[in-house]
Structures are given as C-alpha cells and as structure tokens.
Amino acid sequence: MDITSNLIEIRKVIRKNRVYTMRKLFDDHVTGHITKKRIASCILCGSENKITREHVLPKWAFNSDSKRSFTSDVNQLPQFFIGATLPACQSCNSELLNSLERYIQQTLGRVNLETSFYSDSEWENIIRWLEILDFKFQVWDIMAKFIKHKNSKYIPDLSDFSIAFMRDFSVRSVTSKARAALNRIARKDKARRLNALIVGRTIKPTSHYFHKSGQFIYLEIPTYNKMFFYFYEKEFRSDKLAYKEAMKIIRTVYNVK
C-alpha cells in the first residue's frame with residue numbers, strides 16, 4: 001500500500017469508528033465505573049480482536065534504547081518509551097500505523113536539509129505523523145494510572161484515576177482534547193498547517209522530547225539529525241513567527257535565556 005492509500009485508509013477507519021472508539025475509551029478509563037472489567041480494544045477502529053501493542057513513539061525514534069524516558073507533566077515521574085504502548089488490532093498496527101512509520105523513517109533519512117529538502121506533500125505527511133503522535137500520547141495519558149506525584153507519597157484513592165484526569169480535573173476537558181486530536185487526523189487538508197511546523201538539524205547524540213497535549217510537540221531524532229517542533233492548533237502568518245514562538249517555549253523548558 002502506497003503512502004497516499006495508507007493515509008486515506010487511516011482517515012476512513014477513524015471516520016467510520018471514532019464515535020464507538022472514543023465512547024469505549026472514555027467509559028473504560030474516564031467516565032465509567034473504576035472497578036469495571038476492561039477489554040483492550042484498538043485505539044483506531046475499536047476492535048477487540050487480535051490486539052497487539054503499538055509503541056506511542058516508534059522504537060527507531062529513540063534507538064530502541066530501554067533507558068530512554070520522558071517525564072509526565074502531571075506526576076513528574078519518568079516513563080520509559082520502550083514500555084509506553086497502546087492496544088491496536090493487528091490490521092491497524094501492521095498495515096496502517098507501522099506502514100506510515102516506515103515511510104516517515106525513510107523520508108527522514110533521505111533528506112538532509114542542506115542539499116535536499118522535502119516536497120509540500122512530504123511536509124504534510126510529517127504533520128500527519130506528528131498529529132497521530134499527539135493522539136497516541138493523549139490516549140496513553142487516559143489509560144495510564146496516576147499512582148503518585150514525584151514529591152508525594154502513594155495515595156491509594158488516587159491510583160484509580162488516569163493521568164489525563166489528574167492533569168485537567170475535568171472529564172469534559174479530557175474527552176474534548178482526545179476527540180479534537182482524533183478529528184485532526186481525520187482531516188485531509190494540511191496545506192494551511194505548514195507554517196506551524198519547524199524542522200531543523202541537530203547534532204546532539206541523544207533524542208530529546210517534550211509535548212503538551214493538543215498544543216505542541218518537540219522531538220529530536222539524532223539518528224537522522226532532525227528536530228521537529230509542531231503547533232497542533234496555532235496558525236502563523238509566516239515561518240519566522242512560528243520559529244520565534246517555538247524558541248520561546250524551548251528556552252523556557254530548558255531554562256535557557
């Protein structure tokens with residue numbers, strides 16, 4: 001399946017199943033009874049058959065390093081990328097998500113940003129991939145249990161709540177953000193989003209990542225000497241304005257003046 005057909009099929013699957021998929025996700029982890037029996041279902045189509053594990057971030061993006069981790073902005077505890085997985089049926093995983101990730105991997109390796117550049121369609125496909133990452137991280141936040149905060153003791157009564165709920169303290173906020181993320185993937189046209197994507201070269205030996213659900217993502221992939229910053233909702237009149245806003249956020253996160 002070529003990349004165009006692959007993306008069309010992803011959009012079709014989402015549009016056909018999103019009401020059921022979201023309803024089941026929320027009932028299992030946000031709005032339903034906390035002691036109910038949960039049956040794992042695919043994050044894209046909602047199927048409960050032939051469930052596999054899909055990494056939130058593909059292993060090639062962090063060199064399959066079992067020690068690489070990210071920090072949840074809710075409990076400030078490290079989460080290892082290798083263990084951050086989601087349920088996906090065999091079809092959606094291998095035929096759709098993995099195929100897209102292989103395309104992105106090949107695209108990143110083919111362009112060096114010094115003597116070669118991406119086409120408009122490739123820029124848009126990178127955006128589509130980054131939007132899928134946002135959805136996956138949001139679902140992971142919904143499925144993951146809070147447990148405790150870095151600076152506090154374990155509180156049993158809080159361990160039944162998802163990280164997403166402890167972040168927003170609002171069922172409506174959690175569900176609306178997840179739906180918005182899924183709806184972004186279902187929209188075909190990304191031409192107006194190109195100014196919201198900043199891509200550059202990096203020489204750092206290790207990957208770096210931070211992300212704010214529904215707002216932005218920053219991702220460095222040293223294997224391909226690439227860094228990405230993408231604003232999920234904001235629109236900019238020029239690349240320069242987007243770059244300025246992105247650098248402001250990066251300096252704040254890394255405490256650089």
# chains A, B, ... in the order shown; residues from 1 in each chain; ligands from 1
>>> select_by_dssp(residues="segment 51-249 of chain A", states="strand (DSSP E)", output="VMD selection string")
chain A and resid 51 to 55 69 to 71 78 to 80 85 to 89 197 to 201 209 to 212 216 to 221 226 to 231
>>> residues_around(residues="Ser119 of chain A", least_positions_apart="4", cutoff="12 Å", atoms="only C-alpha atoms", output="VMD selection string")
chain A and resid 107 110 to 111 113 123 to 126 191 194
>>> write_last_selection(atoms="C-alpha atoms", output="short mmCIF file (atom, residue, chain, number, x, y, z; two decimals), in the first residue's frame")
data_model
loop_
_atom_site.label_atom_id
_atom_site.label_comp_id
_atom_site.auth_asym_id
_atom_site.auth_seq_id
_atom_site.Cartn_x
_atom_site.Cartn_y
_atom_site.Cartn_z
CA THR A 107 11.68 10.16 4.40
CA ARG A 110 16.56 10.63 2.58
CA VAL A 111 16.60 14.40 3.15
CA LEU A 113 18.10 19.79 4.81
CA TRP A 123 5.88 18.19 4.78
CA GLU A 124 2.16 17.47 5.09
CA ASN A 125 2.75 13.77 5.75
CA ILE A 126 5.22 14.61 8.52
CA ALA A 191 -1.63 22.79 3.50
CA LEU A 194 2.77 24.14 7.03
#
>>> closest_residue(among="A:Ile185, A:Glu235, A:Ile203, A:Ala242", to="Arg15 of chain A", atoms="only C-alpha atoms")
A:Ile185
>>> closest_residue(among="A:Phe135, A:Phe70, A:Phe165, A:Phe117", to="Arg179 of chain A", atoms="only C-alpha atoms")
A:Phe135
>>> residues_around(residues="segment 18-32 of chain A", least_positions_apart="3", cutoff="12 Å", atoms="only C-alpha atoms", output="short mmCIF file (atom, residue, chain, number, x, y, z; two decimals) with N, CA and C atoms, in the first residue's frame")
data_model
loop_
_atom_site.label_atom_id
_atom_site.label_comp_id
_atom_site.auth_asym_id
_atom_site.auth_seq_id
_atom_site.Cartn_x
_atom_site.Cartn_y
_atom_site.Cartn_z
N ILE A 10 -6.42 5.24 6.80
CA ILE A 10 -6.43 5.67 8.20
C ILE A 10 -7.60 6.61 8.45
N ARG A 11 -7.80 7.57 7.55
CA ARG A 11 -8.91 8.52 7.72
C ARG A 11 -10.26 7.81 7.64
N LYS A 12 -10.38 6.85 6.74
CA LYS A 12 -11.63 6.10 6.61
C LYS A 12 -11.94 5.32 7.88
N VAL A 13 -10.93 4.64 8.42
CA VAL A 13 -11.12 3.85 9.64
C VAL A 13 -11.55 4.75 10.80
N ILE A 14 -10.92 5.89 10.92
CA ILE A 14 -11.24 6.82 12.01
C ILE A 14 -12.66 7.36 11.86
N ARG A 15 -13.00 7.83 10.67
CA ARG A 15 -14.32 8.42 10.46
C ARG A 15 -15.44 7.40 10.70
N THR A 35 -14.00 0.21 38.80
CA THR A 35 -13.68 -1.20 39.03
C THR A 35 -14.21 -2.11 37.91
N LYS A 36 -14.75 -1.54 36.84
CA LYS A 36 -15.32 -2.35 35.77
C LYS A 36 -14.23 -3.16 35.06
N LYS A 37 -14.63 -4.27 34.50
CA LYS A 37 -13.70 -5.09 33.72
C LYS A 37 -13.47 -4.42 32.37
N ARG A 38 -12.22 -4.25 32.00
CA ARG A 38 -11.88 -3.59 30.75
C ARG A 38 -11.31 -4.59 29.76
N ILE A 39 -11.80 -4.55 28.56
CA ILE A 39 -11.30 -5.40 27.48
C ILE A 39 -10.54 -4.51 26.51
N ALA A 40 -9.27 -4.79 26.30
CA ALA A 40 -8.44 -3.96 25.43
C ALA A 40 -9.03 -3.89 24.03
N SER A 41 -9.04 -2.70 23.46
CA SER A 41 -9.57 -2.51 22.11
C SER A 41 -8.66 -1.59 21.33
N CYS A 42 -8.71 -1.69 20.02
CA CYS A 42 -7.84 -0.92 19.13
C CYS A 42 -8.12 0.57 19.26
N ILE A 43 -7.07 1.38 19.33
CA ILE A 43 -7.23 2.82 19.50
C ILE A 43 -7.75 3.50 18.24
N LEU A 44 -7.69 2.81 17.08
CA LEU A 44 -8.19 3.40 15.85
C LEU A 44 -9.58 2.92 15.47
N CYS A 45 -9.76 1.59 15.46
CA CYS A 45 -11.03 1.06 14.98
C CYS A 45 -11.93 0.51 16.08
N GLY A 46 -11.39 0.34 17.29
CA GLY A 46 -12.19 -0.15 18.41
C GLY A 46 -12.34 -1.65 18.48
N SER A 47 -11.73 -2.39 17.55
CA SER A 47 -11.85 -3.85 17.56
C SER A 47 -11.18 -4.45 18.80
N GLU A 48 -11.76 -5.54 19.29
CA GLU A 48 -11.19 -6.25 20.44
C GLU A 48 -10.49 -7.54 20.00
N LEU A 86 0.28 1.06 23.38
CA LEU A 86 -1.17 1.14 23.33
C LEU A 86 -1.72 -0.07 22.58
N PRO A 87 -2.97 -0.44 22.85
CA PRO A 87 -3.56 -1.57 22.12
C PRO A 87 -3.96 -1.16 20.70
N ALA A 88 -3.61 -1.98 19.75
CA ALA A 88 -4.02 -1.77 18.36
C ALA A 88 -4.24 -3.13 17.73
N PHE A 135 -2.29 12.23 19.33
CA PHE A 135 -3.43 11.39 19.70
C PHE A 135 -2.97 10.21 20.55
N GLN A 138 -2.13 11.30 24.03
CA GLN A 138 -3.33 11.61 24.79
C GLN A 138 -4.03 10.33 25.27
N VAL A 139 -4.12 9.33 24.39
CA VAL A 139 -4.73 8.06 24.78
C VAL A 139 -3.89 7.39 25.86
N TRP A 140 -2.58 7.49 25.74
CA TRP A 140 -1.72 6.90 26.76
C TRP A 140 -1.97 7.57 28.12
N ASP A 141 -2.11 8.89 28.13
CA ASP A 141 -2.42 9.62 29.37
C ASP A 141 -3.76 9.17 29.96
N ILE A 142 -4.72 8.88 29.09
CA ILE A 142 -6.03 8.44 29.56
C ILE A 142 -5.95 7.04 30.16
N MET A 143 -5.17 6.16 29.54
CA MET A 143 -5.08 4.77 30.01
C MET A 143 -4.14 4.59 31.19
N ALA A 144 -3.13 5.45 31.30
CA ALA A 144 -2.13 5.31 32.37
C ALA A 144 -2.69 5.78 33.70
N LYS A 145 -2.38 5.07 34.76
CA LYS A 145 -2.84 5.43 36.10
C LYS A 145 -1.90 6.45 36.73
N PHE A 146 -2.47 7.33 37.54
CA PHE A 146 -1.70 8.40 38.16
C PHE A 146 -0.67 7.86 39.16
N ASP A 160 -6.62 5.06 41.06
CA ASP A 160 -7.66 4.61 40.13
C ASP A 160 -7.93 5.64 39.03
N PHE A 161 -7.36 6.84 39.17
CA PHE A 161 -7.62 7.89 38.20
C PHE A 161 -6.51 7.92 37.14
N SER A 162 -6.89 8.28 35.92
CA SER A 162 -5.91 8.36 34.84
C SER A 162 -5.07 9.62 34.97
N ILE A 163 -3.88 9.59 34.37
CA ILE A 163 -3.02 10.76 34.36
C ILE A 163 -3.73 11.93 33.69
N ALA A 164 -4.50 11.64 32.63
CA ALA A 164 -5.21 12.71 31.92
C ALA A 164 -6.20 13.42 32.82
N PHE A 165 -6.93 12.67 33.63
CA PHE A 165 -7.90 13.29 34.53
C PHE A 165 -7.19 14.11 35.61
N MET A 166 -6.10 13.59 36.15
CA MET A 166 -5.36 14.31 37.17
C MET A 166 -4.70 15.57 36.60
N ASP A 168 -6.19 17.54 34.12
CA ASP A 168 -7.21 18.54 33.83
C ASP A 168 -8.29 18.67 34.90
N PHE A 169 -8.47 17.62 35.72
CA PHE A 169 -9.55 17.58 36.72
C PHE A 169 -10.90 17.89 36.09
N SER A 170 -11.05 17.49 34.84
CA SER A 170 -12.30 17.74 34.13
C SER A 170 -12.52 16.66 33.09
N VAL A 171 -13.60 15.92 33.25
CA VAL A 171 -13.92 14.88 32.27
C VAL A 171 -14.14 15.51 30.90
N ARG A 172 -14.83 16.64 30.90
CA ARG A 172 -15.13 17.31 29.63
C ARG A 172 -13.86 17.73 28.91
N SER A 173 -12.89 18.26 29.65
CA SER A 173 -11.64 18.69 29.05
C SER A 173 -10.87 17.50 28.47
N VAL A 174 -10.78 16.41 29.23
CA VAL A 174 -10.06 15.22 28.78
C VAL A 174 -10.67 14.66 27.51
N THR A 175 -11.99 14.52 27.51
CA THR A 175 -12.66 13.92 26.36
C THR A 175 -12.63 14.83 25.13
N SER A 176 -12.78 16.13 25.34
CA SER A 176 -12.78 17.05 24.20
C SER A 176 -11.40 17.12 23.54
N LYS A 177 -10.34 17.08 24.35
CA LYS A 177 -8.99 17.11 23.80
C LYS A 177 -8.70 15.86 22.97
N ALA A 178 -9.11 14.71 23.48
CA ALA A 178 -8.87 13.46 22.75
C ALA A 178 -9.66 13.43 21.45
N ARG A 179 -10.91 13.88 21.49
CA ARG A 179 -11.71 13.92 20.28
C ARG A 179 -11.10 14.89 19.25
N ALA A 180 -10.65 16.03 19.72
CA ALA A 180 -10.04 17.01 18.82
C ALA A 180 -8.80 16.44 18.15
N ALA A 181 -7.99 15.71 18.92
CA ALA A 181 -6.79 15.10 18.36
C ALA A 181 -7.13 14.08 17.29
N LEU A 182 -8.15 13.27 17.54
CA LEU A 182 -8.57 12.27 16.56
C LEU A 182 -9.17 12.94 15.33
N ASN A 183 -9.93 14.00 15.53
CA ASN A 183 -10.53 14.71 14.40
C ASN A 183 -9.48 15.38 13.52
N ARG A 184 -8.36 15.81 14.12
CA ARG A 184 -7.28 16.39 13.32
C ARG A 184 -6.72 15.36 12.34
N ILE A 185 -6.57 14.13 12.82
CA ILE A 185 -6.05 13.06 11.96
C ILE A 185 -7.01 12.78 10.82
N ALA A 186 -8.29 12.88 11.10
CA ALA A 186 -9.31 12.56 10.09
C ALA A 186 -9.43 13.61 9.01
#
>>> closest_residue(among="A:Arg192, A:Arg187, A:Lys248, A:His55", to="Ala84 of chain A", atoms="only C-alpha atoms")
A:His55
>>> atom_distance(atom1="atom CA of Glu233 of chain A", atom2="atom CA of Ser213 of chain A")
10.6 Å
